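**Student:** Okay, here's the structure, questions in a sec.
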Amino acid sequence: MGLNLPTVPSGEPSFLTTRLDFVVNWARRNSLWPMPFGTACCAIEMMATAATKYDLARFGMERMSFSPRQADLLICAGRVAYKMAPVLRKIWDQMPQPKWSISMGACASSGGVFDVYSMVQGIDTIIPVDVYVPGCPPRPEGLIYGILMLHEKIKGETLSNVGLREEDPDRVGRPNLPAGVVEELALPFGNSTQQNQVSGLVNTRALARPSDRQP
Amino acid sequence: MSRNKGFEDALRDLDTAGRAGEGGETGPGVEAEAASHPTVPELRAKFGPAILHHSVVAGDEHVIRVALENAYEILAWLRDDAAQRYDYLKDVTAIDWGGGRPLELVYELWSIPNARGLRMKAAVPLDSLYADSVASLYATADWLERETYDMFGIVFRDHPDLRRILMADNYAEGYPLRKDFPLRGRFTRAEQTRRSLDFDLADYYNEQELSVIDDVARHHDAQRQAESAP
């Protein structure tokens with residue numbers, strides 16, 4: 001936010017700023033428009049959350065925005081394959097500020113049981129995440145709890161934090177985390193070529209064979 | 001609760017002979033009676049030594065093993081012969097048994113008119129992973145063979161469009177369903193993330209291919225031309 005808001009000499013936000021923050025955050029958190037990025041079974045629970053019994057409309061979220069340009073909240077529900085990662089990143093980059101994201105379920109948060117060659121190990125390697133909702137899949141109550149936690153987070157935001165909503169154009173389409181951190185997150189398995197049976201730690205009787213032809 | 005007898009037999013076979021019959025660890029299994037499947041005697045009469053083996057697994061699933069170089073003509077005959085009419089190719093896939101054994105190419109056939117199934121297998125040697133494409137016989141083989149190429153690296157000769165189908169076009173870690181492929185891939189997680197975000201469809205497809213609207217227009221043009229041609 002490029003506003004020059006008044007502060008008191010100590011650097012604390014002034015009365016005017018805090019009142020403005022209160023109004024802005026109240027408006028933002030009560031009209032979150034979710035962008036549903038449903039890729040697996042978590043999306044079924046997300047749909048149940050939006051339906052009558054749990055009724056997301058109570059939180060000002062009745063409009064699922066299938067266009068990223070008109071969305072504030074990306075709910076990534078389900079596992080994300082590496083082939084899907086550029087799509088997720090592009091949708092995140094297309095969403096205008098202010099924007100938040102919820103990683104719904106074990107697979108979106110950490111790769112879940114899919115610790116394999118084709119699966120992103122947590123979408124926080126691709127986009128920044130505000131709230132992680134555990135569960136496989138989380139029940140609608142879980143997702144709603146995550147949304148309420150996001151509300152609490154939005155309550156704490158202030159317009160005097162100038163850099164909060166700034167985005168670096170160079171980071172568009174790039175991984176969210178540096179390579180070293182991604183590797184660290186992949187622990188305790190470490191380097192992905194060093195931990196399975198074929199690496200030689202366990203003999204599978206797989207003999208040497210002609211090397212794979214690269215495409 | 002009563003089950004029919006055929007189902008009971010099939011269950012018992014699964015416990016005993018089924019595993020051995022499937023091959024793999026113990027070889028191709030017990031040779032089945034030739035008369036147990038109406039197609040097999042005719043296949044033997046027609047192709048002779050190209051039919052290497054015939055076995056029955058899981059009760060009533062008939063598996064024939066054929067020489068790879070004859071697979072195409074056998075499939076063509078099975079499809080076109082008036083008595084066989086295996087007009088539905090359910091699946092094309094492959095099996096890697098590991099341990100230096102050849103890959104096994106599998107064709108699942110079904111004859112809708114005769115309500116009969118047949119599984120055909122052919123060994124593909126590891127030092128020459130080539131097979132003849134059957135996409136000219138069964139249109140469905142197009143994508144099934146692309147998947148087999150993508151997952152096992154078997155190259156299908158004369159395939160109309162042999163590209164990866166499941167993994168991204170820039171995937172360079174090899175063929176994931178091979179036994180010697182590491183579960184988590186060959187690259188580090190950071191490298192996999194970097195490569196996946198680097199992938200840009202525009203590097204692999206031209207603008208026309210990426211445009212659905214143009215595609216529909218092209219389709220209509222082709223249809224119009226086909227209608228006005230004769």
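Ligands are numbered from 1 in the order shown, chains are lettered A, B, ... in the order of the structure tokens, and residues start at 1 in each chain.
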Compute the chain B side of the contact with chain A at 7 Å, counting only C-alpha atoms, and hand it back as number ranges by chain.
**Tutor:** B: 98-100, 127, 167-168, 172, 174, 180, 182-190, 193-194, 196-197
**Student:** Let me see the file: selected residues, N, CA and C atoms, as a PDB file, in the first residue's frame.
**Tutor:**
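Output contents, as saved in selection-v8.pdb:
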ATOM      1  N   GLY B  98      11.976 -56.435 -13.845  1.00  0.00           N
ATOM      2  CA  GLY B  98      13.247 -56.173 -13.174  1.00  0.00           C
ATOM      3  C   GLY B  98      14.240 -57.309 -13.384  1.00  0.00           C
ATOM      4  N   GLY B  99      15.385 -57.173 -12.725  1.00  0.00           N
ATOM      5  CA  GLY B  99      16.378 -58.237 -12.774  1.00  0.00           C
ATOM      6  C   GLY B  99      16.946 -58.511 -14.156  1.00  0.00           C
ATOM      7  N   GLY B 100      16.917 -57.504 -15.037  1.00  0.00           N
ATOM      8  CA  GLY B 100      17.491 -57.700 -16.353  1.00  0.00           C
ATOM      9  C   GLY B 100      16.619 -58.459 -17.317  1.00  0.00           C
ATOM     10  N   ASP B 127      17.854 -54.160 -24.737  1.00  0.00           N
ATOM     11  CA  ASP B 127      18.822 -53.424 -25.550  1.00  0.00           C
ATOM     12  C   ASP B 127      18.209 -52.916 -26.853  1.00  0.00           C
ATOM     13  N   MET B 167       3.730 -37.254 -18.300  1.00  0.00           N
ATOM     14  CA  MET B 167       4.758 -36.353 -17.790  1.00  0.00           C
ATOM     15  C   MET B 167       4.883 -35.160 -18.738  1.00  0.00           C
ATOM     16  N   ALA B 168       5.443 -34.071 -18.221  1.00  0.00           N
ATOM     17  CA  ALA B 168       5.571 -32.853 -19.026  1.00  0.00           C
ATOM     18  C   ALA B 168       6.544 -33.088 -20.180  1.00  0.00           C
ATOM     19  N   ALA B 172      12.944 -34.941 -18.044  1.00  0.00           N
ATOM     20  CA  ALA B 172      14.227 -35.506 -18.493  1.00  0.00           C
ATOM     21  C   ALA B 172      14.795 -36.507 -17.504  1.00  0.00           C
ATOM     22  N   GLY B 174      13.811 -39.706 -17.245  1.00  0.00           N
ATOM     23  CA  GLY B 174      13.716 -41.089 -17.709  1.00  0.00           C
ATOM     24  C   GLY B 174      12.286 -41.572 -17.727  1.00  0.00           C
ATOM     25  N   ASP B 180      14.169 -49.796 -12.410  1.00  0.00           N
ATOM     26  CA  ASP B 180      15.384 -49.127 -11.944  1.00  0.00           C
ATOM     27  C   ASP B 180      15.186 -47.622 -11.797  1.00  0.00           C
ATOM     28  N   PRO B 182      14.238 -44.489  -9.605  1.00  0.00           N
ATOM     29  CA  PRO B 182      14.068 -44.197  -8.176  1.00  0.00           C
ATOM     30  C   PRO B 182      12.674 -43.653  -7.888  1.00  0.00           C
ATOM     31  N   LEU B 183      12.101 -44.066  -6.777  1.00  0.00           N
ATOM     32  CA  LEU B 183      10.717 -43.691  -6.457  1.00  0.00           C
ATOM     33  C   LEU B 183      10.512 -42.184  -6.498  1.00  0.00           C
ATOM     34  N   ARG B 184      11.497 -41.433  -5.977  1.00  0.00           N
ATOM     35  CA  ARG B 184      11.320 -39.980  -5.904  1.00  0.00           C
ATOM     36  C   ARG B 184      11.945 -39.258  -7.089  1.00  0.00           C
ATOM     37  N   GLY B 185      12.259 -39.988  -8.132  1.00  0.00           N
ATOM     38  CA  GLY B 185      12.815 -39.349  -9.315  1.00  0.00           C
ATOM     39  C   GLY B 185      14.325 -39.234  -9.240  1.00  0.00           C
ATOM     40  N   ARG B 186      14.933 -38.835 -10.355  1.00  0.00           N
ATOM     41  CA  ARG B 186      16.395 -38.784 -10.411  1.00  0.00           C
ATOM     42  C   ARG B 186      16.936 -37.441  -9.961  1.00  0.00           C
ATOM     43  N   PHE B 187      16.155 -36.381 -10.083  1.00  0.00           N
ATOM     44  CA  PHE B 187      16.640 -35.061  -9.717  1.00  0.00           C
ATOM     45  C   PHE B 187      16.265 -34.758  -8.270  1.00  0.00           C
ATOM     46  N   THR B 188      16.908 -33.734  -7.726  1.00  0.00           N
ATOM     47  CA  THR B 188      16.539 -33.295  -6.373  1.00  0.00           C
ATOM     48  C   THR B 188      15.184 -32.589  -6.429  1.00  0.00           C
ATOM     49  N   ARG B 189      14.557 -32.460  -5.248  1.00  0.00           N
ATOM     50  CA  ARG B 189      13.252 -31.793  -5.203  1.00  0.00           C
ATOM     51  C   ARG B 189      13.353 -30.363  -5.707  1.00  0.00           C
ATOM     52  N   ALA B 190      14.439 -29.668  -5.366  1.00  0.00           N
ATOM     53  CA  ALA B 190      14.591 -28.283  -5.804  1.00  0.00           C
ATOM     54  C   ALA B 190      14.689 -28.217  -7.325  1.00  0.00           C
ATOM     55  N   THR B 193      11.305 -28.867  -8.821  1.00  0.00           N
ATOM     56  CA  THR B 193      10.449 -27.682  -8.712  1.00  0.00           C
ATOM     57  C   THR B 193      10.846 -26.634  -9.748  1.00  0.00           C
ATOM     58  N   ARG B 194      12.158 -26.408  -9.865  1.00  0.00           N
ATOM     59  CA  ARG B 194      12.631 -25.406 -10.823  1.00  0.00           C
ATOM     60  C   ARG B 194      12.206 -25.781 -12.246  1.00  0.00           C
ATOM     61  N   SER B 196       9.797 -27.754 -13.243  1.00  0.00           N
ATOM     62  CA  SER B 196       8.360 -27.742 -13.505  1.00  0.00           C
ATOM     63  C   SER B 196       7.865 -26.318 -13.713  1.00  0.00           C
ATOM     64  N   LEU B 197       8.434 -25.352 -12.943  1.00  0.00           N
ATOM     65  CA  LEU B 197       7.995 -23.971 -13.122  1.00  0.00           C
ATOM     66  C   LEU B 197       8.596 -23.357 -14.385  1.00  0.00           C
TER      67      LEU B 197
END
**Student:** Can you list, as a PDB file with C-alpha atoms, in the first residue's frame, every protein, DNA or RNA residue that comes within 7 Å of Val129 in chain A when you count only C-alpha atoms, leaving out same-chain residues fewer than 2 positions away?
**Tutor:**
ATOM      1  CA  SER A 101      -3.934 -18.617   0.355  1.00  0.00           C
ATOM      2  CA  ILE A 102      -5.041 -21.677   2.264  1.00  0.00           C
ATOM      3  CA  SER A 103      -3.336 -25.027   1.767  1.00  0.00           C
ATOM      4  CA  ASP A 124       4.604 -23.599  -0.141  1.00  0.00           C
ATOM      5  CA  ILE A 127       3.366 -20.100  -3.663  1.00  0.00           C
ATOM      6  CA  VAL A 131      -2.981 -21.140   6.640  1.00  0.00           C
TER       7      VAL A 131
END
**Student:** For the structure I just gave you, how does DSSP split range 5-203 of chain A - specifically, which residues are helix (DSSP H, G or I)? Reply as number ranges by chain.
**Tutor:** A: 15-29, 42-50, 56-59, 68-70, 85-94, 106-110, 123-125, 140-155, 162-165, 169-171, 179-185, 197-199
**Student:** Using only C-alpha atoms, which protein or nucleic acid residues come within 10 Å of Ile95 in chain B? Drop anything in the same chain fewer than 4 positions from it, and give the result as a list in words.
**Tutor:**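 The filter keeps Gly24, Pro102, Leu103, Glu104, Leu105, Val106, Lys121, Ala123, Val124, Thr148, Phe152, Leu177, Arg178 and Lys179 of chain B.
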**Student:** Tell me, in Å to one decimal, how far CA of Pro125 in chain B is from CA of Leu68 in chain B.
**Tutor:**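 Result for CA of Pro125 in chain B versus CA of Leu68 in chain B: 9.4 Å, one decimal.
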**Student:** I need the residues in range 7-194 of chain A that are strand (DSSP E) according to DSSP; give them as a ChimeraX atom specification.
**Tutor:** /A:34-38,73-77,100-104,131-133
**Student:** With distances taken over only C-alpha atoms, which residue among B:Arg163, B:Arg146, B:His37, B:Arg65 lies nearest Ile51 in chain B?
**Tutor:**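 Smallest distance to Ile51 in chain B is found for B:Arg65.
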**Student:** Which of these residues is nearest to Asp81 in chain B, using only C-alpha atoms: B:Tyr138, B:Lys46, B:Ala202, B:Glu207?
**Tutor:** B:Lys46
**Student:** Write out as a compact mmCIF listing (two decimals) with N, CA and C atoms, in the first residue's frame which residues come within 9 Å of Thr39 in chain B when counting only C-alpha atoms, dropping same-chain ones fewer than 6 positions away.
**Tutor:**
# COMPACT_ATOMS: atom_id res chain seq x y z
N LEU B 78 -6.48 -60.90 -35.74
CA LEU B 78 -7.49 -61.04 -34.69
C LEU B 78 -8.61 -60.02 -34.87
N ALA B 83 -14.26 -64.77 -37.90
CA ALA B 83 -14.64 -65.60 -36.76
C ALA B 83 -14.15 -65.01 -35.43
N GLN B 84 -13.15 -64.15 -35.47
CA GLN B 84 -12.56 -63.64 -34.23
C GLN B 84 -13.15 -62.28 -33.85
N LEU B 118 -9.01 -61.75 -24.67
CA LEU B 118 -7.72 -62.41 -24.89
C LEU B 118 -6.63 -61.42 -24.54
**Student:** Looking at B:Tyr204, B:Tyr149, B:Trp77, B:Tyr175, which one is nearest to Ser133 in chain B, with distances taken over only C-alpha atoms?
**Tutor:**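 Between B:Tyr204, B:Tyr149, B:Trp77, B:Tyr175, the residue approaching Ser133 in chain B most closely is B:Tyr149.
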**Student:** Give me the residues near Pro68 in chain A as a PDB file with N, CA and C atoms, in the first residue's frame, where near means some atom within 10 Å (using only C-alpha atoms) and where sequence neighbours in that chain fewer than 4 positions away do not count.
**Tutor:**
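Produced file result.pdb, reproduced below:
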ATOM      1  N   TRP A  33     -13.300 -13.565  -1.372  1.00  0.00           N
ATOM      2  CA  TRP A  33     -13.812 -14.332  -2.504  1.00  0.00           C
ATOM      3  C   TRP A  33     -12.819 -15.446  -2.800  1.00  0.00           C
ATOM      4  N   PRO A  34     -13.205 -16.684  -2.568  1.00  0.00           N
ATOM      5  CA  PRO A  34     -12.235 -17.755  -2.758  1.00  0.00           C
ATOM      6  C   PRO A  34     -12.085 -18.168  -4.211  1.00  0.00           C
ATOM      7  N   MET A  35     -10.835 -18.439  -4.568  1.00  0.00           N
ATOM      8  CA  MET A  35     -10.534 -19.051  -5.865  1.00  0.00           C
ATOM      9  C   MET A  35     -10.328 -20.538  -5.588  1.00  0.00           C
ATOM     10  N   PRO A  36     -11.287 -21.409  -5.910  1.00  0.00           N
ATOM     11  CA  PRO A  36     -11.113 -22.819  -5.575  1.00  0.00           C
ATOM     12  C   PRO A  36     -10.157 -23.503  -6.544  1.00  0.00           C
ATOM     13  N   PHE A  37      -9.048 -23.972  -6.008  1.00  0.00           N
ATOM     14  CA  PHE A  37      -8.092 -24.731  -6.832  1.00  0.00           C
ATOM     15  C   PHE A  37      -8.202 -26.187  -6.376  1.00  0.00           C
ATOM     16  N   ASP A  72      -9.704 -13.182  -3.836  1.00  0.00           N
ATOM     17  CA  ASP A  72      -8.754 -12.755  -2.800  1.00  0.00           C
ATOM     18  C   ASP A  72      -8.069 -13.938  -2.146  1.00  0.00           C
ATOM     19  N   LEU A  73      -8.717 -15.106  -2.193  1.00  0.00           N
ATOM     20  CA  LEU A  73      -8.243 -16.228  -1.379  1.00  0.00           C
ATOM     21  C   LEU A  73      -8.130 -17.460  -2.246  1.00  0.00           C
ATOM     22  N   LEU A  74      -6.905 -17.978  -2.372  1.00  0.00           N
ATOM     23  CA  LEU A  74      -6.722 -19.204  -3.139  1.00  0.00           C
ATOM     24  C   LEU A  74      -6.795 -20.384  -2.174  1.00  0.00           C
ATOM     25  N   LYS A  90       0.850 -19.640 -11.830  1.00  0.00           N
ATOM     26  CA  LYS A  90       0.310 -18.613 -12.725  1.00  0.00           C
ATOM     27  C   LYS A  90      -0.986 -18.045 -12.169  1.00  0.00           C
ATOM     28  N   ILE A  91      -1.834 -18.913 -11.629  1.00  0.00           N
ATOM     29  CA  ILE A  91      -3.095 -18.431 -11.051  1.00  0.00           C
ATOM     30  C   ILE A  91      -2.805 -17.507  -9.876  1.00  0.00           C
ATOM     31  N   TRP A  92      -1.829 -17.886  -9.033  1.00  0.00           N
ATOM     32  CA  TRP A  92      -1.459 -17.029  -7.898  1.00  0.00           C
ATOM     33  C   TRP A  92      -0.951 -15.681  -8.394  1.00  0.00           C
ATOM     34  N   ASP A  93      -0.113 -15.715  -9.435  1.00  0.00           N
ATOM     35  CA  ASP A  93       0.431 -14.453  -9.957  1.00  0.00           C
ATOM     36  C   ASP A  93      -0.659 -13.590 -10.576  1.00  0.00           C
ATOM     37  N   GLN A  94      -1.722 -14.224 -11.072  1.00  0.00           N
ATOM     38  CA  GLN A  94      -2.788 -13.450 -11.705  1.00  0.00           C
ATOM     39  C   GLN A  94      -3.719 -12.805 -10.696  1.00  0.00           C
ATOM     40  N   MET A  95      -3.731 -13.309  -9.451  1.00  0.00           N
ATOM     41  CA  MET A  95      -4.633 -12.737  -8.452  1.00  0.00           C
ATOM     42  C   MET A  95      -4.097 -11.386  -7.996  1.00  0.00           C
ATOM     43  N   PRO A  96      -4.977 -10.373  -7.933  1.00  0.00           N
ATOM     44  CA  PRO A  96      -4.524  -9.048  -7.505  1.00  0.00           C
ATOM     45  C   PRO A  96      -4.392  -8.973  -5.984  1.00  0.00           C
TER      46      PRO A  96
END
**Student:** What is the distance, in Å and to one decimal place, between CA of Gln192 in chain B and CA of Ile44 in chain A?
**Tutor:**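 These atoms are spaced 28.5 Å apart.
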**Student:** May I ask which of the residues B:Leu43, B:Leu52, B:Val63, B:Leu166 is the closest one to Leu75 in chain B, counting only C-alpha atoms?
**Tutor:**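 For Leu75 in chain B, the nearest of the candidates is B:Leu43.
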**Student:** What's the separation between CA of Ala71 in chain B and CA of Tyr88 in chain B, in Å to one decimal place?
**Tutor:**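 If I compute the distance from CA of Ala71 in chain B to CA of Tyr88 in chain B, I get 16.0 Å.
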